[in-house]
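*Asks:* Dropping in entry14.pdb, which is PDB, C-alpha atoms:
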ATOM      1  CA  MET G  24      94.238 -61.032-138.101  1.00  0.00           C
ATOM      2  CA  LEU G  25      96.635 -59.410-140.535  1.00  0.00           C
ATOM      3  CA  GLN G  26     100.064 -58.580-139.238  1.00  0.00           C
ATOM      4  CA  LYS G  27     100.830 -54.897-138.809  1.00  0.00           C
ATOM      5  CA  LYS G  28     102.342 -53.284-141.862  1.00  0.00           C
ATOM      6  CA  ASP G  29     104.377 -50.100-141.876  1.00  0.00           C
ATOM      7  CA  ALA G  30     103.939 -47.414-144.540  1.00  0.00           C
ATOM      8  CA  TYR G  31     106.790 -48.819-146.644  1.00  0.00           C
ATOM      9  CA  ASP G  32     105.246 -52.313-146.698  1.00  0.00           C
ATOM     10  CA  LEU G  33     101.856 -50.859-147.635  1.00  0.00           C
ATOM     11  CA  ALA G  34     103.452 -48.817-150.420  1.00  0.00           C
ATOM     12  CA  ARG G  35     105.257 -51.909-151.750  1.00  0.00           C
ATOM     13  CA  MET G  36     102.048 -53.964-151.644  1.00  0.00           C
ATOM     14  CA  MET G  37     100.120 -51.207-153.439  1.00  0.00           C
ATOM     15  CA  CYS G  38     102.819 -50.992-156.108  1.00  0.00           C
ATOM     16  CA  GLU G  39     102.681 -54.770-156.609  1.00  0.00           C
ATOM     17  CA  PHE G  40      98.884 -54.646-156.833  1.00  0.00           C
ATOM     18  CA  TYR G  41      99.035 -51.813-159.363  1.00  0.00           C
ATOM     19  CA  LEU G  42     101.498 -53.749-161.532  1.00  0.00           C
ATOM     20  CA  LYS G  43      99.340 -56.891-161.403  1.00  0.00           C
ATOM     21  CA  LEU G  44      96.299 -54.833-162.372  1.00  0.00           C
ATOM     22  CA  ALA G  45      98.242 -53.185-165.218  1.00  0.00           C
ATOM     23  CA  ARG G  46      99.372 -56.595-166.535  1.00  0.00           C
ATOM     24  CA  TRP G  47      95.836 -57.952-166.302  1.00  0.00           C
ATOM     25  CA  SER G  48      94.428 -54.835-168.006  1.00  0.00           C
ATOM     26  CA  LYS G  49      96.947 -55.072-170.826  1.00  0.00           C
ATOM     27  CA  SER G  50      96.185 -58.702-171.537  1.00  0.00           C
ATOM     28  CA  TYR G  51      92.433 -58.495-171.035  1.00  0.00           C
ATOM     29  CA  TYR G  52      90.892 -55.302-172.329  1.00  0.00           C
ATOM     30  CA  LEU G  53      93.420 -52.584-173.193  1.00  0.00           C
ATOM     31  CA  LYS G  54      94.267 -54.444-176.387  1.00  0.00           C
ATOM     32  CA  ASN G  55      90.828 -53.411-177.676  1.00  0.00           C
ATOM     33  CA  PHE G  56      91.880 -49.763-178.088  1.00  0.00           C
ATOM     34  CA  ASN G  57      92.531 -48.540-181.620  1.00  0.00           C
ATOM     35  CA  ILE G  58      96.082 -49.106-182.852  1.00  0.00           C
ATOM     36  CA  ASN G  59      96.744 -48.265-186.507  1.00  0.00           C
ATOM     37  CA  GLY G  60      93.049 -48.503-187.329  1.00  0.00           C
ATOM     38  CA  LYS G  61      92.636 -51.868-185.625  1.00  0.00           C
ATOM     39  CA  GLY G  62      90.674 -52.396-182.449  1.00  0.00           C
ATOM     40  CA  ASN G  63      87.180 -52.174-181.046  1.00  0.00           C
ATOM     41  CA  TYR G  64      87.506 -48.585-179.802  1.00  0.00           C
ATOM     42  CA  ALA G  65      87.412 -45.483-182.013  1.00  0.00           C
ATOM     43  CA  ILE G  66      90.381 -43.977-180.165  1.00  0.00           C
ATOM     44  CA  THR G  67      93.771 -45.042-178.880  1.00  0.00           C
ATOM     45  CA  MET G  68      94.551 -45.648-175.227  1.00  0.00           C
ATOM     46  CA  ARG G  69      96.590 -42.410-175.128  1.00  0.00           C
ATOM     47  CA  GLN G  70      93.650 -40.460-176.595  1.00  0.00           C
ATOM     48  CA  PHE G  71      91.355 -42.048-174.013  1.00  0.00           C
ATOM     49  CA  GLN G  72      93.733 -41.022-171.229  1.00  0.00           C
ATOM     50  CA  ILE G  73      93.884 -37.465-172.552  1.00  0.00           C
ATOM     51  CA  LEU G  74      90.089 -37.203-172.736  1.00  0.00           C
ATOM     52  CA  ILE G  75      89.789 -38.552-169.174  1.00  0.00           C
ATOM     53  CA  LEU G  76      92.340 -36.053-167.876  1.00  0.00           C
ATOM     54  CA  LEU G  77      90.750 -33.126-169.687  1.00  0.00           C
ATOM     55  CA  TYR G  78      87.132 -33.932-168.923  1.00  0.00           C
ATOM     56  CA  ASP G  79      87.002 -35.919-165.705  1.00  0.00           C
ATOM     57  CA  LEU G  80      90.015 -34.414-163.910  1.00  0.00           C
ATOM     58  CA  GLY G  81      89.835 -30.837-165.214  1.00  0.00           C
ATOM     59  CA  VAL G  82      93.337 -30.725-166.676  1.00  0.00           C
ATOM     60  CA  GLU G  83      93.587 -27.883-169.212  1.00  0.00           C
ATOM     61  CA  THR G  84      97.128 -27.430-170.537  1.00  0.00           C
ATOM     62  CA  ILE G  85      99.674 -29.481-172.423  1.00  0.00           C
ATOM     63  CA  SER G  86     102.126 -28.963-169.544  1.00  0.00           C
ATOM     64  CA  GLU G  87      99.722 -30.577-167.084  1.00  0.00           C
ATOM     65  CA  LEU G  88      99.001 -33.427-169.506  1.00  0.00           C
ATOM     66  CA  SER G  89     102.699 -33.968-170.132  1.00  0.00           C
ATOM     67  CA  GLU G  90     103.433 -34.155-166.422  1.00  0.00           C
ATOM     68  CA  LEU G  91     100.562 -36.520-165.611  1.00  0.00           C
ATOM     69  CA  LEU G  92     101.188 -38.823-168.589  1.00  0.00           C
ATOM     70  CA  ALA G  93     104.976 -38.682-168.145  1.00  0.00           C
ATOM     71  CA  ILE G  94     105.638 -37.980-171.807  1.00  0.00           C
ATOM     72  CA  SER G  95     107.326 -35.042-173.493  1.00  0.00           C
ATOM     73  CA  LYS G  96     105.336 -32.046-174.628  1.00  0.00           C
ATOM     74  CA  SER G  97     106.611 -32.543-178.188  1.00  0.00           C
ATOM     75  CA  SER G  98     105.358 -36.153-178.305  1.00  0.00           C
ATOM     76  CA  LEU G  99     102.072 -35.116-176.761  1.00  0.00           C
ATOM     77  CA  SER G 100     101.677 -32.239-179.235  1.00  0.00           C
ATOM     78  CA  LEU G 101     101.336 -34.678-182.132  1.00  0.00           C
ATOM     79  CA  THR G 102      98.511 -36.560-180.429  1.00  0.00           C
ATOM     80  CA  ILE G 103      96.816 -33.336-179.324  1.00  0.00           C
ATOM     81  CA  SER G 104      96.975 -31.902-182.867  1.00  0.00           C
ATOM     82  CA  LYS G 105      95.428 -35.071-184.261  1.00  0.00           C
ATOM     83  CA  MET G 106      92.669 -34.971-181.639  1.00  0.00           C
ATOM     84  CA  VAL G 107      91.945 -31.324-182.477  1.00  0.00           C
ATOM     85  CA  SER G 108      91.762 -32.101-186.206  1.00  0.00           C
ATOM     86  CA  GLU G 109      89.482 -35.084-185.513  1.00  0.00           C
ATOM     87  CA  GLY G 110      87.211 -32.827-183.467  1.00  0.00           C
ATOM     88  CA  TYR G 111      87.643 -34.587-180.098  1.00  0.00           C
ATOM     89  CA  ILE G 112      89.112 -31.565-178.340  1.00  0.00           C
ATOM     90  CA  ARG G 113      89.299 -27.849-179.017  1.00  0.00           C
ATOM     91  CA  ARG G 114      92.209 -25.514-178.519  1.00  0.00           C
ATOM     92  CA  GLU G 115      91.515 -22.174-176.858  1.00  0.00           C
ATOM     93  CA  MET G 116      93.889 -19.277-176.635  1.00  0.00           C
ATOM     94  CA  PRO G 117      94.074 -17.413-173.318  1.00  0.00           C
ATOM     95  CA  SER G 118      92.472 -14.060-172.721  1.00  0.00           C
ATOM     96  CA  THR G 119      94.666 -11.011-173.106  1.00  0.00           C
ATOM     97  CA  THR G 120      95.211 -10.801-169.338  1.00  0.00           C
ATOM     98  CA  GLU G 121      96.760 -14.256-169.149  1.00  0.00           C
ATOM     99  CA  ASP G 122     100.103 -15.590-170.296  1.00  0.00           C
ATOM    100  CA  GLY G 123      99.854 -15.723-174.097  1.00  0.00           C
ATOM    101  CA  ARG G 124     102.073 -18.790-174.283  1.00  0.00           C
ATOM    102  CA  ARG G 125      99.569 -21.001-172.480  1.00  0.00           C
ATOM    103  CA  VAL G 126      96.988 -22.772-174.603  1.00  0.00           C
ATOM    104  CA  PHE G 127      93.981 -24.473-173.062  1.00  0.00           C
ATOM    105  CA  PHE G 128      92.282 -27.639-174.279  1.00  0.00           C
ATOM    106  CA  TYR G 129      88.702 -28.764-173.744  1.00  0.00           C
ATOM    107  CA  VAL G 130      86.697 -31.825-174.753  1.00  0.00           C
ATOM    108  CA  THR G 131      84.133 -31.236-177.510  1.00  0.00           C
ATOM    109  CA  GLU G 132      80.730 -32.880-177.863  1.00  0.00           C
ATOM    110  CA  LYS G 133      82.278 -35.345-180.311  1.00  0.00           C
ATOM    111  CA  GLY G 134      85.019 -36.030-177.771  1.00  0.00           C
ATOM    112  CA  LEU G 135      82.435 -36.610-175.030  1.00  0.00           C
ATOM    113  CA  GLN G 136      80.584 -39.006-177.294  1.00  0.00           C
ATOM    114  CA  VAL G 137      83.687 -41.086-178.093  1.00  0.00           C
ATOM    115  CA  LEU G 138      84.723 -40.966-174.418  1.00  0.00           C
ATOM    116  CA  ASP G 139      81.313 -42.295-173.342  1.00  0.00           C
ATOM    117  CA  GLU G 140      81.416 -44.997-176.044  1.00  0.00           C
ATOM    118  CA  SER G 141      84.902 -46.059-174.919  1.00  0.00           C
ATOM    119  CA  LYS G 142      83.891 -46.121-171.261  1.00  0.00           C
ATOM    120  CA  ASN G 143      80.841 -48.233-172.128  1.00  0.00           C
ATOM    121  CA  LEU G 144      82.952 -50.680-174.162  1.00  0.00           C
ATOM    122  CA  MET G 145      85.388 -50.906-171.265  1.00  0.00           C
ATOM    123  CA  ILE G 146      82.555 -51.546-168.802  1.00  0.00           C
ATOM    124  CA  GLU G 147      81.113 -54.215-171.097  1.00  0.00           C
ATOM    125  CA  SER G 148      84.496 -55.910-171.379  1.00  0.00           C
ATOM    126  CA  LEU G 149      85.019 -55.809-167.621  1.00  0.00           C
ATOM    127  CA  SER G 150      81.470 -57.040-167.068  1.00  0.00           C
ATOM    128  CA  GLN G 151      82.120 -60.071-169.258  1.00  0.00           C
ATOM    129  CA  TYR G 152      85.201 -60.908-167.223  1.00  0.00           C
ATOM    130  CA  TYR G 153      83.494 -60.360-163.872  1.00  0.00           C
ATOM    131  CA  SER G 154      80.599 -62.590-164.912  1.00  0.00           C
ATOM    132  CA  THR G 155      83.059 -65.504-164.913  1.00  0.00           C
ATOM    133  CA  LEU G 156      83.888 -65.010-161.217  1.00  0.00           C
ATOM    134  CA  THR G 157      82.356 -67.136-158.486  1.00  0.00           C
ATOM    135  CA  GLU G 158      79.918 -65.486-156.092  1.00  0.00           C
ATOM    136  CA  GLU G 159      82.596 -65.561-153.388  1.00  0.00           C
ATOM    137  CA  GLN G 160      85.111 -63.838-155.701  1.00  0.00           C
ATOM    138  CA  LYS G 161      82.533 -61.192-156.614  1.00  0.00           C
ATOM    139  CA  GLU G 162      81.774 -60.547-152.947  1.00  0.00           C
ATOM    140  CA  ASP G 163      85.510 -60.306-152.141  1.00  0.00           C
ATOM    141  CA  LEU G 164      85.970 -57.875-155.020  1.00  0.00           C
ATOM    142  CA  ILE G 165      83.055 -55.704-153.892  1.00  0.00           C
ATOM    143  CA  ILE G 166      84.321 -55.561-150.314  1.00  0.00           C
ATOM    144  CA  GLY G 167      87.885 -54.893-151.464  1.00  0.00           C
ATOM    145  CA  LEU G 168      86.863 -52.108-153.848  1.00  0.00           C
ATOM    146  CA  GLU G 169      84.690 -50.453-151.199  1.00  0.00           C
ATOM    147  CA  LYS G 170      87.519 -50.557-148.660  1.00  0.00           C
ATOM    148  CA  LEU G 171      90.096 -49.364-151.189  1.00  0.00           C
ATOM    149  CA  GLY G 172      87.758 -46.533-152.174  1.00  0.00           C
ATOM    150  CA  ASN G 173      87.460 -45.519-148.524  1.00  0.00           C
ATOM    151  CA  VAL G 174      91.247 -45.403-148.150  1.00  0.00           C
ATOM    152  CA  TYR G 175      91.619 -43.184-151.207  1.00  0.00           C
ATOM    153  CA  SER G 176      88.812 -40.763-150.404  1.00  0.00           C
ATOM    154  CA  ILE G 177      91.213 -38.600-148.434  1.00  0.00           C
ATOM    155  CA  LYS G 178      90.547 -34.892-148.370  1.00  0.00           C
ATOM    156  CA  GLU G 179      92.794 -33.025-150.773  1.00  0.00           C
ATOM    157  CA  ASP G 180      93.823 -30.469-148.156  1.00  0.00           C
ATOM    158  CA  SER G 181      95.459 -33.201-146.066  1.00  0.00           C
ATOM    159  CA  MET G 182      97.954 -34.026-148.829  1.00  0.00           C
TER     160      MET G 182
END
Could the structure of this file be written out as structure tokens, please?
*Replies:*
Amino acid sequence: MLQKKDAYDLARMMCEFYLKLARWSKSYYLKNFNINGKGNYAITMRQFQILILLYDLGVETISELSELLAISKSSLSLTISKMVSEGYIRREMPSTTEDGRRVFFYVTEKGLQVLDESKNLMIESLSQYYSTLTEEQKEDLIIGLEKLGNVYSIKEDSM
């Protein structure tokens, strides 16, 4: 049986796991994102992250994006402007009853298409890697992911 862990130990272990996963992701499949016109994906990793935040997580403003991505609004503005000009997202001004300084962003059909293509390429890449695992490793991964998913399916109102 596993020894009892306090919250600090669990947090440290989760941080270590996250860093290992980030290192693995960087060396295995993140390198496929577009960088200076090179790569298997039509978009950059940052653009992918922005599309995920806008579409899947319902983020709408540059302030929210800046906070979640931990980058300045001015740096983010360049990427956002490029994504608007490429037709991946659209900029929408607020109604007259809202704060006129806030601008909202939404994923376009073209953005959804490139997001789906990128997700599918990522799944294919991960699938190729997972096909090299032994049956025991696959079973361990399935069990671990199910258990991890259960831990992180906490109700939002309890946070």
*Asks:* Nearest to G:Gly62 among G:Arg114, G:Lys161, G:Ser150, G:Leu144, with distances taken over only C-alpha atoms: which residue is it?
*Replies:*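 Of all the options, G:Leu144 lies closest to G:Gly62.
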*Asks:* Taking only C-alpha atoms into account, which of G:Ile103, G:Leu76, G:Met37, G:Leu168 comes nearest G:Leu91?
*Replies:*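 The shortest atom-to-atom distance to G:Leu91 comes from G:Leu76.
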*Asks:* Please determine, counting only C-alpha atoms, which residue among G:Leu92, G:Met106, G:Asn143, G:Ile112 has the shortest atom-to-atom distance to G:Tyr64.
*Replies:* G:Asn143
*Asks:* Can you report as JSON the centre and edge lengths in Å, to one decimal, of an axis-aligned box around the listed atoms of stretch 81-89 of chain G padded with 6 Å on each side?
*Replies:*
{"center_x": 96.3, "center_y": -30.7, "center_z": -168.8, "size_x": 24.9, "size_y": 18.5, "size_z": 19.2}
*Asks:* Taking only C-alpha atoms into account, which of G:Ala45, G:Val82, G:Leu53, G:Leu149 comes nearest G:Met68?
*Replies:* G:Leu53
*Asks:* If you apply the PyMOL selection byres ((chain G and resi 55) around 12) to this file, what residues do you get, as a list in words?
*Replies:* Ser48, Lys49, Ser50, Tyr51, Tyr52, Leu53, Lys54, Phe56, Asn57, Ile58, Asn59, Gly60, Lys61, Gly62, Asn63, Tyr64, Ala65, Ile66, Thr67, Met68, Phe71, Ser141, Lys142, Leu144, Met145, Glu147, Ser148 and Leu149 of chain G
*Asks:* Would you export the selected residues with C-alpha atoms as a CSV table (one decimal), keeping the file's coordinate frame, please?
*Replies:*
chain,number,residue,atom,x,y,z
G,48,SER,CA,94.4,-54.8,-168.0
G,49,LYS,CA,96.9,-55.1,-170.8
G,50,SER,CA,96.2,-58.7,-171.5
G,51,TYR,CA,92.4,-58.5,-171.0
G,52,TYR,CA,90.9,-55.3,-172.3
G,53,LEU,CA,93.4,-52.6,-173.2
G,54,LYS,CA,94.3,-54.4,-176.4
G,56,PHE,CA,91.9,-49.8,-178.1
G,57,ASN,CA,92.5,-48.5,-181.6
G,58,ILE,CA,96.1,-49.1,-182.9
G,59,ASN,CA,96.7,-48.3,-186.5
G,60,GLY,CA,93.0,-48.5,-187.3
G,61,LYS,CA,92.6,-51.9,-185.6
G,62,GLY,CA,90.7,-52.4,-182.4
G,63,ASN,CA,87.2,-52.2,-181.0
G,64,TYR,CA,87.5,-48.6,-179.8
G,65,ALA,CA,87.4,-45.5,-182.0
G,66,ILE,CA,90.4,-44.0,-180.2
G,67,THR,CA,93.8,-45.0,-178.9
G,68,MET,CA,94.6,-45.6,-175.2
G,71,PHE,CA,91.4,-42.0,-174.0
G,141,SER,CA,84.9,-46.1,-174.9
G,142,LYS,CA,83.9,-46.1,-171.3
G,144,LEU,CA,83.0,-50.7,-174.2
G,145,MET,CA,85.4,-50.9,-171.3
G,147,GLU,CA,81.1,-54.2,-171.1
G,148,SER,CA,84.5,-55.9,-171.4
G,149,LEU,CA,85.0,-55.8,-167.6
*Asks:* Could you pull the residues within 10 Å of stretch 131-133 of chain G, counting all atoms listed in the file, minus those fewer than 5 positions along the same chain, as number ranges by chain?
*Replies:* G: 74, 78, 107, 109-114, 138-139
*Asks:* Measuring atom to atom with only C-alpha atoms, identify which of G:Lys28, G:Leu99, G:Ala34, G:Ile165 is nearest to G:Thr84.
*Replies:*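 Among the listed residues, G:Leu99 lies closest to G:Thr84.
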*Asks:* Do you know which residues lie at most 12 Å from (104.3, -28.4, -177.7), with coordinates as in the file and only C-alpha atoms counted, and could you write them as a ChimeraX atom specification?
*Replies:* /G:84-89,94-104,124-127
*Asks:* In Å, with one decimal, what is the gap from atom CA of G:Tyr41 to atom CA of G:Ile166?
*Replies:*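 Computing the Euclidean distance for atom CA of G:Tyr41 and atom CA of G:Ile166 yields 17.7 Å.
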*Asks:* To one decimal in Å, tell me the separation between atom CA of G:Tyr152 and atom CA of G:Leu164.
*Replies:*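 One can read the atom CA of G:Tyr152 to atom CA of G:Leu164 distance as 12.6 Å.
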*Asks:* Between atom CA of G:Tyr31 and atom CA of G:Leu171, what distance in Å does the model show, to one decimal?
*Replies:*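 These two atoms are separated by 17.3 Å.
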